[in-house]
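Here's final30.csv, which has CSV, C-alpha atoms and all ligand atoms:
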chain,number,residue,atom,x,y,z
F,1,MET,CA,7.3,13.7,35.4
F,2,ARG,CA,9.3,10.6,36.4
F,3,ILE,CA,7.3,7.5,35.5
F,4,PRO,CA,8.0,4.9,38.3
F,5,ILE,CA,9.4,1.6,37.4
F,6,ILE,CA,8.5,-1.7,39.2
F,7,ALA,CA,11.2,-4.1,38.2
F,8,GLY,CA,11.7,-7.8,39.1
F,9,ASN,CA,15.3,-9.1,39.2
F,10,TRP,CA,15.0,-12.9,39.1
F,11,LYS,CA,18.7,-13.5,39.5
F,12,MET,CA,19.6,-17.2,38.8
F,13,ASN,CA,16.0,-18.4,39.1
F,14,LYS,CA,13.3,-19.9,36.8
F,15,THR,CA,13.6,-22.1,33.8
F,16,ILE,CA,12.1,-20.9,30.5
F,17,GLY,CA,8.9,-22.8,31.2
F,18,GLU,CA,8.6,-21.3,34.7
F,19,THR,CA,9.3,-17.9,33.2
F,20,LEU,CA,6.4,-18.2,30.7
F,21,ASP,CA,4.0,-19.6,33.3
F,22,PHE,CA,4.7,-16.6,35.6
F,23,LEU,CA,4.3,-14.1,32.7
F,24,LYS,CA,0.9,-15.6,31.7
F,25,ILE,CA,-0.4,-15.1,35.2
F,26,LEU,CA,1.1,-11.6,35.4
F,27,SER,CA,-0.3,-10.5,32.0
F,28,GLN,CA,-3.8,-11.7,33.1
F,29,GLU,CA,-3.6,-9.7,36.4
F,30,LEU,CA,-2.3,-6.6,34.6
F,31,GLN,CA,-5.1,-6.7,32.1
F,32,GLN,CA,-7.5,-6.2,35.0
F,33,SER,CA,-5.6,-3.3,36.4
F,34,SER,CA,-4.5,0.1,35.2
F,35,ALA,CA,-1.0,-0.4,36.5
F,36,THR,CA,0.7,-0.3,33.2
F,37,THR,CA,-0.7,3.2,32.5
F,38,LYS,CA,1.0,4.4,35.7
F,39,PHE,CA,4.2,2.4,35.9
F,40,GLU,CA,6.8,0.7,33.7
F,41,ILE,CA,6.7,-3.0,34.7
F,42,VAL,CA,10.0,-4.7,34.0
F,43,ILE,CA,11.1,-8.3,34.5
F,44,ALA,CA,14.7,-9.5,34.4
F,45,PRO,CA,14.7,-13.2,33.6
F,46,SER,CA,17.8,-15.4,32.8
F,47,PHE,CA,19.5,-14.6,29.5
F,48,ILE,CA,18.2,-17.8,27.9
F,49,ALA,CA,14.5,-16.9,28.6
F,50,ILE,CA,14.7,-13.4,27.1
F,51,ASN,CA,13.9,-14.3,23.5
F,52,LYS,CA,10.9,-16.5,24.4
F,53,MET,CA,9.7,-13.9,26.8
F,54,ALA,CA,9.8,-11.3,24.0
F,55,GLU,CA,7.7,-13.5,21.7
F,56,LEU,CA,5.1,-14.0,24.5
F,57,LEU,CA,5.0,-10.3,25.4
F,58,LYS,CA,5.0,-8.8,21.9
F,59,ASP,CA,1.7,-7.0,22.5
F,60,SER,CA,2.3,-6.5,26.3
F,61,PRO,CA,3.5,-3.3,28.0
F,62,VAL,CA,5.7,-5.5,30.3
F,63,LYS,CA,9.3,-4.8,29.4
F,64,ILE,CA,12.3,-7.2,29.4
F,65,CYS,CA,15.5,-6.6,31.2
F,66,ALA,CA,18.8,-8.4,31.1
F,67,GLN,CA,20.8,-8.9,34.3
F,68,ASP,CA,24.2,-8.0,32.9
F,69,LEU,CA,26.0,-7.6,29.6
F,70,PHE,CA,29.6,-7.4,28.3
F,71,TRP,CA,30.9,-4.2,26.9
F,72,GLU,CA,32.3,-5.4,23.6
F,73,ASP,CA,30.0,-5.9,20.6
F,74,ALA,CA,31.4,-9.2,19.6
F,75,GLY,CA,34.6,-11.3,19.6
F,76,ALA,CA,36.5,-13.9,21.6
F,77,PHE,CA,34.9,-13.5,25.0
F,78,THR,CA,33.8,-17.0,25.9
F,79,GLY,CA,30.6,-17.0,27.9
F,80,GLU,CA,29.7,-13.3,27.5
F,81,ILE,CA,26.7,-11.6,26.0
F,82,SER,CA,26.8,-8.3,24.2
F,83,ALA,CA,24.4,-5.3,24.0
F,84,PRO,CA,23.6,-5.9,20.3
F,85,MET,CA,22.7,-9.5,21.1
F,86,LEU,CA,20.4,-8.4,24.0
F,87,LYS,CA,18.8,-5.8,21.8
F,88,ASP,CA,18.1,-8.4,19.1
F,89,ALA,CA,16.6,-10.8,21.7
F,90,GLY,CA,14.2,-8.1,22.9
F,91,ALA,CA,15.8,-6.6,26.0
F,92,LYS,CA,14.9,-3.0,26.7
F,93,TYR,CA,16.7,-2.6,30.0
F,94,VAL,CA,19.8,-4.1,31.6
F,95,ILE,CA,20.9,-4.3,35.2
F,96,ILE,CA,24.5,-3.1,35.6
F,97,GLY,CA,26.8,-3.3,38.6
F,98,HIS,CA,24.5,-5.3,40.9
F,99,SER,CA,26.2,-5.9,44.2
F,100,GLU,CA,26.3,-9.6,43.6
F,101,ARG,CA,28.2,-9.0,40.4
F,102,ARG,CA,30.6,-6.7,42.2
F,103,GLN,CA,31.0,-9.3,45.0
F,104,PHE,CA,31.2,-12.6,43.1
F,105,PHE,CA,32.4,-11.5,39.7
F,106,ASN,CA,34.8,-8.8,40.5
F,107,GLU,CA,33.0,-6.0,38.8
F,108,THR,CA,34.5,-2.6,39.4
F,109,ASP,CA,33.3,1.0,38.8
F,110,SER,CA,35.4,1.0,35.7
F,111,THR,CA,33.9,-2.2,34.2
F,112,VAL,CA,30.5,-0.9,35.2
F,113,ASN,CA,31.2,2.3,33.3
F,114,LYS,CA,32.1,0.4,30.1
F,115,LYS,CA,28.9,-1.7,30.4
F,116,ILE,CA,26.7,1.4,30.9
F,117,LYS,CA,28.2,3.0,27.8
F,118,ALA,CA,27.6,-0.2,25.8
F,119,ALA,CA,24.0,-0.3,26.9
F,120,LEU,CA,23.4,3.3,25.9
F,121,LYS,CA,25.1,2.8,22.6
F,122,TYR,CA,22.4,0.3,21.7
F,123,ASN,CA,19.5,2.2,23.3
F,124,ILE,CA,19.1,-0.3,26.1
F,125,VAL,CA,18.3,1.5,29.4
F,126,PRO,CA,20.9,0.7,32.0
F,127,ILE,CA,19.7,0.2,35.6
F,128,PHE,CA,22.9,1.1,37.3
F,129,CYS,CA,23.1,-0.2,40.9
F,130,VAL,CA,24.9,1.5,43.8
F,131,GLY,CA,24.9,0.9,47.5
F,132,GLU,CA,27.0,0.6,50.6
F,133,THR,CA,27.7,-2.5,52.8
F,134,LEU,CA,26.8,-2.6,56.4
F,135,ALA,CA,30.4,-2.0,57.5
F,136,GLU,CA,30.6,1.1,55.3
F,137,ARG,CA,27.3,2.4,56.7
F,138,GLU,CA,28.4,1.8,60.3
F,139,ALA,CA,31.7,3.6,59.5
F,140,GLY,CA,29.8,6.6,58.3
F,141,LYS,CA,31.0,6.2,54.7
F,142,ILE,CA,27.7,6.1,52.8
F,143,GLU,CA,28.2,9.4,51.1
F,144,SER,CA,31.8,8.7,50.0
F,145,ILE,CA,31.0,5.2,48.8
F,146,ILE,CA,28.0,6.3,46.8
F,147,ALA,CA,29.9,9.3,45.4
F,148,THR,CA,32.8,7.0,44.2
F,149,GLN,CA,30.4,4.5,42.6
F,150,LEU,CA,28.4,7.2,40.9
F,151,THR,CA,31.4,9.1,39.6
F,152,GLY,CA,33.2,5.9,38.4
F,153,GLY,CA,30.1,4.4,36.8
F,154,LEU,CA,29.0,7.6,35.0
F,155,MET,CA,32.5,8.6,34.0
F,156,ASP,CA,32.6,10.5,30.6
F,157,LEU,CA,28.8,10.3,30.1
F,158,THR,CA,27.0,13.3,28.8
F,159,ALA,CA,24.1,14.8,30.7
F,160,ASN,CA,21.8,13.5,28.0
F,161,ASP,CA,23.2,9.9,28.5
F,162,VAL,CA,22.6,10.2,32.2
F,163,THR,CA,19.0,11.2,31.8
F,164,LYS,CA,18.5,7.9,29.9
F,165,THR,CA,20.0,5.9,32.8
F,166,VAL,CA,18.1,4.6,35.8
F,167,ILE,CA,19.9,4.4,39.1
F,168,ALA,CA,19.1,1.8,41.7
F,169,TYR,CA,20.1,2.4,45.3
F,170,GLU,CA,20.5,-1.0,46.8
F,171,PRO,CA,22.1,-1.1,50.2
F,172,VAL,CA,24.0,-4.3,50.2
F,173,TRP,CA,23.0,-5.2,53.8
F,174,ALA,CA,19.3,-5.1,52.7
F,175,ILE,CA,19.6,-7.4,49.7
F,176,GLY,CA,18.1,-10.8,50.3
F,177,THR,CA,18.4,-10.4,54.1
F,178,GLY,CA,14.8,-9.4,54.9
F,179,LYS,CA,16.3,-6.2,56.4
F,180,THR,CA,14.8,-3.2,54.5
F,181,ALA,CA,16.0,0.3,54.8
F,182,THR,CA,13.4,2.4,56.5
F,183,LYS,CA,11.6,4.8,54.3
F,184,GLU,CA,13.6,7.6,56.0
F,185,GLN,CA,17.0,5.9,55.5
F,186,ALA,CA,16.1,5.2,51.8
F,187,GLU,CA,14.8,8.6,51.1
F,188,GLU,CA,17.9,10.2,52.7
F,189,VAL,CA,20.2,8.4,50.3
F,190,HIS,CA,17.9,8.9,47.3
F,191,LEU,CA,17.9,12.6,47.9
F,192,MET,CA,21.7,12.6,48.3
F,193,ILE,CA,22.1,10.7,45.0
F,194,ARG,CA,19.8,13.3,43.2
F,195,GLN,CA,21.9,16.1,44.7
F,196,MET,CA,25.1,14.5,43.5
F,197,LEU,CA,23.6,14.1,40.0
F,198,ALA,CA,22.4,17.7,40.1
F,199,LYS,CA,25.9,18.9,41.0
F,200,GLN,CA,27.5,17.1,38.1
F,201,PHE,CA,24.8,17.2,35.4
F,202,GLY,CA,22.5,20.1,36.5
F,203,GLN,CA,19.3,20.1,38.5
F,204,THR,CA,16.9,19.9,35.5
F,205,ASN,CA,18.7,16.7,34.3
F,206,ALA,CA,18.8,15.3,37.8
F,207,ASP,CA,15.1,15.9,38.2
F,208,VAL,CA,14.2,13.5,35.4
F,209,ILE,CA,16.5,10.6,36.4
F,210,ARG,CA,14.6,7.7,38.0
F,211,ILE,CA,16.1,6.4,41.2
F,212,LEU,CA,14.8,3.0,42.3
F,213,TYR,CA,15.1,1.4,45.7
F,214,GLY,CA,16.1,-2.2,46.1
F,215,GLY,CA,16.7,-4.5,49.1
F,216,SER,CA,14.0,-6.7,50.6
F,217,VAL,CA,11.1,-4.8,49.1
F,218,LYS,CA,7.9,-6.8,49.6
F,219,PRO,CA,4.1,-6.1,49.6
F,220,SER,CA,4.2,-5.2,53.3
F,221,ASN,CA,6.8,-2.4,52.9
F,222,SER,CA,6.5,-1.2,49.3
F,223,LYS,CA,3.8,1.3,49.9
F,224,GLU,CA,5.7,3.4,52.4
F,225,LEU,CA,9.0,3.2,50.4
F,226,LEU,CA,7.4,4.1,47.1
F,227,SER,CA,5.6,7.1,48.6
F,228,GLN,CA,8.8,8.9,49.2
F,229,PRO,CA,9.5,11.9,47.0
F,230,ASN,CA,12.8,10.7,45.6
F,231,ILE,CA,12.0,7.0,45.3
F,232,ASP,CA,10.8,6.4,41.7
F,233,GLY,CA,10.2,2.7,41.9
F,234,ALA,CA,11.7,-0.6,43.1
F,235,LEU,CA,14.1,-3.3,42.0
F,236,ILE,CA,12.8,-6.4,43.6
F,237,GLY,CA,14.6,-9.7,44.0
F,238,GLY,CA,13.0,-12.4,46.2
F,239,ALA,CA,9.5,-11.0,46.2
F,240,SER,CA,9.4,-10.8,42.4
F,241,LEU,CA,9.5,-14.5,42.0
F,242,LYS,CA,5.9,-15.2,42.9
F,243,PRO,CA,3.2,-13.5,40.8
F,244,GLU,CA,1.0,-12.7,43.9
F,245,ASP,CA,3.9,-11.0,45.7
F,246,PHE,CA,5.0,-9.0,42.6
F,247,MET,CA,1.3,-8.0,41.9
F,248,GLY,CA,1.0,-7.1,45.6
F,249,ILE,CA,3.8,-4.6,45.3
F,250,ILE,CA,2.3,-3.2,42.1
F,251,LYS,CA,-1.0,-2.9,43.8
F,252,SER,CA,0.5,-1.2,46.8
F,253,ALA,CA,2.2,1.3,44.5
F,254,MET,CA,-1.2,2.2,42.9
X,1,LIG,P1,15.9,-8.7,47.3
X,1,LIG,O1,16.9,-8.4,46.1
X,1,LIG,O2,14.6,-8.0,47.0
X,1,LIG,O3,15.8,-10.2,47.3
X,1,LIG,O4,16.5,-8.2,48.5
X,1,LIG,C1,17.0,-7.1,45.5
X,1,LIG,C2,18.0,-7.1,44.4
X,1,LIG,O5,19.1,-7.8,44.6
X,1,LIG,O6,17.9,-6.4,43.4

Now, as a test, write the supplied structure out as structure tokens.
Ligand code: PGA
Amino acid sequence: MRIPIIAGNWKMNKTIGETLDFLKILSQELQQSSATTKFEIVIAPSFIAINKMAELLKDSPVKICAQDLFWEDAGAFTGEISAPMLKDAGAKYVIIGHSERRQFFNETDSTVNKKIKAALKYNIVPIFCVGETLAEREAGKIESIIATQLTGGLMDLTANDVTKTVIAYEPVWAIGTGKTATKEQAEEVHLMIRQMLAKQFGQTNADVIRILYGGSVKPSNSKELLSQPNIDGALIGGASLKPEDFMGIIKSAM
């Protein structure tokens, strides 16, 4: 049984105060619903809000996610944040290899791989993002792009490590653009990812790995996307910033 994850990626949005205001509303809404018995609800705020969020949520099922980490534990790496620091602050998940990090901060499959290993070493669940650009899709390269990202990102991981990892398929052309993959387009790639994982790590292991879809998910399209057999949840950017939209997606998933 794969427990679906509904995750909000807030990117560079919300102050600590705004984070806490949102969470108070979300917690109230969740108390009146059985959502947290069916899904893992995850929020990725800015680094500086993680610790306050952990204090506020100490009795809540809502889980905290970081948006990145650095692979070394400690040392002279100005500006970076390590897995043990995140663990200590209360993060249970971490997004790794988001397309914005690949595009603006030069992340490569090899740095992504080091980051995934660092997260796993500290029992933080990596949410490992893969996805093709529009040009790559139009050139018929989806399969080779995803295969390269998966192989590079998961290099030297054991099957056991990979079952603790969450994959997020986020077609770059659908992120923040309002263009969502259709449920057929998304399911096709999710199935392909699961088959690639099965080939490398065995079908039984591939069957327990959660694969989230991300890219302009909103209350109006979440139901059809989430009802696909290989879509095990959503990674939501823009529509996770307002409690009513985020709750709308959770409700649609019910
Ligand atoms: P979006 O972002 O929902 O705003 O498209 C998704 C993401 O980048 O994770």

Nearby residues, ligand LIG 1 (chain X), 6 Å, all atoms listed in the file, as a tab-separated table (two decimals) with C-alpha atoms, in the coordinates of the input:
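Heads up, here's the output in pocket_36.tsv:
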chain	number	residue	atom	x	y	z
F	9	ASN	CA	15.30	-9.10	39.20
F	174	ALA	CA	19.30	-5.10	52.70
F	175	ILE	CA	19.60	-7.40	49.70
F	176	GLY	CA	18.10	-10.80	50.30
F	214	GLY	CA	16.10	-2.20	46.10
F	215	GLY	CA	16.70	-4.50	49.10
F	216	SER	CA	14.00	-6.70	50.60
F	217	VAL	CA	11.10	-4.80	49.10
F	235	LEU	CA	14.10	-3.30	42.00
F	236	ILE	CA	12.80	-6.40	43.60
F	237	GLY	CA	14.60	-9.70	44.00
F	238	GLY	CA	13.00	-12.40	46.20
F	239	ALA	CA	9.50	-11.00	46.20

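CA of Lys92 (chain F) sits 23.4 Å away from CA of Met254 (chain F).
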
Practice prompt. To one decimal in Å, tell me the separation between CA of Lys14 (chain F) and CA of Asn123 (chain F).
Written response: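 Computed distance, CA of Lys14 (chain F) to CA of Asn123 (chain F), equals 26.6 Å.
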
Counting only C-alpha atoms, what is within 8 Å of Thr108 (chain F), bar same-chain residues fewer than 4 positions away, as a JSON list (two decimals) with C-alpha atoms, in the coordinates of the input?
[["chain", "number", "residue", "atom", "x", "y", "z"],
["F", 97, "GLY", "CA", 26.80, -3.30, 38.60],
["F", 102, "ARG", "CA", 30.60, -6.70, 42.20],
["F", 112, "VAL", "CA", 30.50, -0.90, 35.20]]

Practice prompt. State, in Å with one decimal place, the distance from CA of Ile116 (chain F) to CA of Ile96 (chain F).
Written response: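 The value is 6.9 Å.
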
Worksheet item: Of the candidates F:Arg2, F:Lys24, F:Lys164, F:Lys58, which one gets nearest to Glu40 (chain F) if we count only C-alpha atoms?
Response: F:Arg2

Item to complete: Find the residues around Asn160 (chain F) up to 12 Å (all atoms listed in the file counted), leave out those fewer than 3 positions away in its own chain, and share them as a PyMOL selection string.
Response: chain F and resi 120+154+156-157+163-165+201-202+204-206+208-209

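Distance annotation: of F:Ile211, F:Tyr93, F:Asp73, F:Phe104, the residue with the minimal separation from Val130 (chain F) is F:Ile211; atom set is only C-alpha atoms.
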
Fill in: F:Leu134, F:Ile167, F:Leu23, F:Ala74 ranked by distance to Ile50 (chain F), top pick (using all atoms listed in the file)
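So, comparing all the options, the nearest one is F:Leu23.
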
Worksheet item: Out of F:Gly17, F:Lys141, F:Ala35, F:Ser220, which residue has the shortest atom-to-atom distance to Ile5 (chain F) when counting only C-alpha atoms?
Response: F:Ala35

Practice prompt. Could you check which of F:Pro126, F:His98, F:Ile3, F:Gln103 is closest to Asn230 (chain F), using only C-alpha atoms?
Written response: F:Ile3

Discussion item. Considering only C-alpha atoms, can you say which of F:Leu30, F:Ile48, F:Lys38, F:Lys218 comes closest to Ser60 (chain F)?
Written reply: F:Leu30

Report the closest atom pair, with its distance in Å rounded to one decimal, for each residue of region 66-164 of chain F that has an atom no farther than 12 Å from region 185-188 of chain F; count only C-alpha atoms, sort by chain and then rising residue number, and write it as a tab-separated table.
residue	atom	partner	partner_atom	distance
F:Gly131	CA	F:Ala186	CA	10.7
F:Glu132	CA	F:Ala186	CA	11.9
F:Arg137	CA	F:Gln185	CA	10.9
F:Ile142	CA	F:Glu188	CA	10.6
F:Glu143	CA	F:Glu188	CA	10.5

Worksheet item: Which neighbours of Ala91 (chain F) fall inside 10 Å, counting only C-alpha atoms, when residues of the same chain fewer than 6 positions from it are skipped, and could you give them as a list of chain:residue names?
Response: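 The filter keeps F:Ile43, F:Ala44, F:Phe47, F:Ile50, F:Asn51, F:Met53, F:Ala54, F:Lys63, F:Ile64, F:Cys65, F:Ala66, F:Gln67, F:Ala83, F:Pro84, F:Met85, F:Asn123, F:Ile124, F:Val125.
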
Include C-alpha atoms and write out the residues we just selected as a short mmCIF file (atom, residue, chain, number, x, y, z; two decimals), keeping the file's coordinate frame.
data_model
loop_
_atom_site.label_atom_id
_atom_site.label_comp_id
_atom_site.auth_asym_id
_atom_site.auth_seq_id
_atom_site.Cartn_x
_atom_site.Cartn_y
_atom_site.Cartn_z
CA ILE F 43 11.10 -8.30 34.50
CA ALA F 44 14.70 -9.50 34.40
CA PHE F 47 19.50 -14.60 29.50
CA ILE F 50 14.70 -13.40 27.10
CA ASN F 51 13.90 -14.30 23.50
CA MET F 53 9.70 -13.90 26.80
CA ALA F 54 9.80 -11.30 24.00
CA LYS F 63 9.30 -4.80 29.40
CA ILE F 64 12.30 -7.20 29.40
CA CYS F 65 15.50 -6.60 31.20
CA ALA F 66 18.80 -8.40 31.10
CA GLN F 67 20.80 -8.90 34.30
CA ALA F 83 24.40 -5.30 24.00
CA PRO F 84 23.60 -5.90 20.30
CA MET F 85 22.70 -9.50 21.10
CA ASN F 123 19.50 2.20 23.30
CA ILE F 124 19.10 -0.30 26.10
CA VAL F 125 18.30 1.50 29.40
#

Worksheet item: Could you name the residues that touch region 222-227 of chain F at 8 Å or less, counting all atoms listed in the file, but leaving out those on the same chain fewer than 2 positions away, as a PyMOL selection string?
Response: chain F and resi 182-183+186-187+213+217-220+229+231-234+249+252-253
